[in-house]
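Okay, structure first, notes after.
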Amino acid sequence: MGIANFSKFTQFKDLINALPAAYTDEMLKSEQFLLERDERKKLEIFYAPFEYVNERAKVVIVGITPGLHQMKKSYSTVINARGHIHSDEEILHEVKKNSSFEGTMRKNLVQMLDELGLHTYLNISSTLDLFNEASHIVHTTSVLTYPVFYNGKNYSGTTPNMLKTELLKKNIMEGFAT
């Protein structure tokens with residue numbers, strides 16, 4: 001288990017912790033957290049701490065990219081860890097447990113995986129446990145590691161085509177592929 005070799009957490013940790021408790025979406029989607037922008041393609045990529053790697057996972061679940069909801073949850077997790085979780089690795093692990101596929105997406109994913117019987121194969125009561133007490137057996141990730149927004153909204157993975165768009169292709173190679 002560990003931190004991805006491309007991690008930017010040390011660069012952004014203090015900025016995240018400096019946010020007020022009642023931060024706004026605009027504060028997260030600001031220049032201080034902007035990683036890259038392609039104005040012609042209307043794409044923006046922002047930082048979110050999804051850089052924990054579970055090298056001993058039995059199951060890998062891959063999404064397209066974290067959305068704004070997951071980004072907000074990841075920042076809240078870092079802020080809430082202040083003072084009681086000390087190592088960056090532990091903080092990033094908490095981020096993955098609390099934020100990966102969080103919300104309606106997680107509910108639908110768990111329902112689908114339970115229907116397939118994955119929980120039985122893993123000897124857990126439900127695949128929901130993968131985000132809690134069984135988090136040691138799963139690695140969650142995304143093809144695009146950091147939140148991507150197209151025209152200001154969550155990127156869906158279709159427009160523009162991620163494999164034909166240099167910015168997105170570069171991010172796949174620097175993050176997911178490594």
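In the structure tokens, chains take letters A, B, ... by order of appearance, with residues numbered from 1 within each chain and ligands from 1 in the order shown.
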
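With only C-alpha atoms taken into account, the protein and nucleic acid residues at most 9 Å from A:Leu113 (excluding it and anything under 6 positions from it in its own chain) are His119, Ser126 and Thr127 of chain A.
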
Can I get the selected residues back with N, CA and C atoms, as a tab-separated table (two decimals), in the first residue's frame?
chain	number	residue	atom	x	y	z
A	119	HIS	N	-19.55	-10.00	-3.76
A	119	HIS	CA	-19.39	-10.05	-2.30
A	119	HIS	C	-19.25	-11.50	-1.80
A	126	SER	N	-21.52	-7.55	1.73
A	126	SER	CA	-21.95	-6.73	0.59
A	126	SER	C	-20.72	-6.02	0.04
A	127	THR	N	-20.75	-5.67	-1.23
A	127	THR	CA	-19.62	-4.92	-1.79
A	127	THR	C	-19.55	-3.51	-1.20

*Could you pull out the helix (DSSP H, G or I) residues of chain A from DSSP and send them as a PyMOL selection string?*
chain A and resi 9-17+25-28+31-33+68-81+88-99+104-116+118-122+127-131+135-137+166-174

*Taking into account only C-alpha atoms, which residue in the set A:Leu128, A:Met173, A:Ala4, A:Ala48 is nearest to A:Lys29?*
A:Ala48

*Residue among A:Val148, A:Val95, A:Val143, A:Ala22 lying closest to A:Phe46, counting only C-alpha atoms*: A:Val148

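Taking atom CA of A:Thr165 and atom CA of A:Glu26 as the two end points, the separation is 25.5 Å.
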
Write out as a Markdown table the residues of stretch 134-158 of chain A that have any atom within 9 Å of an atom of stretch 96-108 of chain A, one row each with the nearest atom pair and its distance in Å to one decimal, counting only C-alpha atoms, sorted by chain and then rising number.
| residue | atom | partner | partner_atom | distance |
| --- | --- | --- | --- | --- |
| A:Ser135 | CA | A:Lys97 | CA | 6.7 |
| A:His139 | CA | A:Lys96 | CA | 8.5 |
| A:Thr140 | CA | A:Ser100 | CA | 6.6 |
| A:Thr141 | CA | A:Ser100 | CA | 7.7 |

Would you save the residues from that selection as a JSON list (two decimals), in the first residue's frame, using C-alpha atoms?
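To be explicit, this is the file written out as part_8.json:
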[["chain", "number", "residue", "atom", "x", "y", "z"],
["A", 135, "SER", "CA", -11.19, -1.46, 1.98],
["A", 139, "HIS", "CA", -8.25, -0.50, -5.19],
["A", 140, "THR", "CA", -10.46, 2.19, -6.67],
["A", 141, "THR", "CA", -9.16, 4.44, -9.38]]

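Closest approach to A:Leu122 among A:Lys72, A:Lys41, A:Lys164, A:Lys58 is made by A:Lys58 (distances from only C-alpha atoms).
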
_Pick from A:Gln11, A:Asn123, A:Asn154, A:Thr159 nearest to A:Asp88, counting only C-alpha atoms_ =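 Of A:Gln11, A:Asn123, A:Asn154, A:Thr159, the one nearest A:Asp88 is A:Gln11, counting only C-alpha atoms.
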
*Between A:Arg82, A:His69, A:His136, A:His93, which one has atoms that come closest to A:Ala18, using only C-alpha atoms?*
A:Arg82

_Residues near A:Phe176, cut-off 12 Å, only C-alpha atoms, skip fewer than 3 positions along chain, as an NGL selection string_ = :A and (4-7 or 50-51 or 53 or 62-65 or 140-146 or 168-173)

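Atom pair atom CA of A:Ala177 / atom CA of A:Asn54 has a distance of 15.2 Å (rounded to one decimal).
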
*Per DSSP on the backbone, filter stretch 23-157 of chain A down to the residues in strand (DSSP E or B) and report them as a PyMOL selection string.*
chain A and resi 34-38+43-46+52-53+59-63+138-142+148-150+153-154

*Have a look at A:Val78, A:Ile91, A:Leu43, A:Ile61 and name the one nearest to A:Ser156; count only C-alpha atoms.*
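Closest candidate: A:Leu43.
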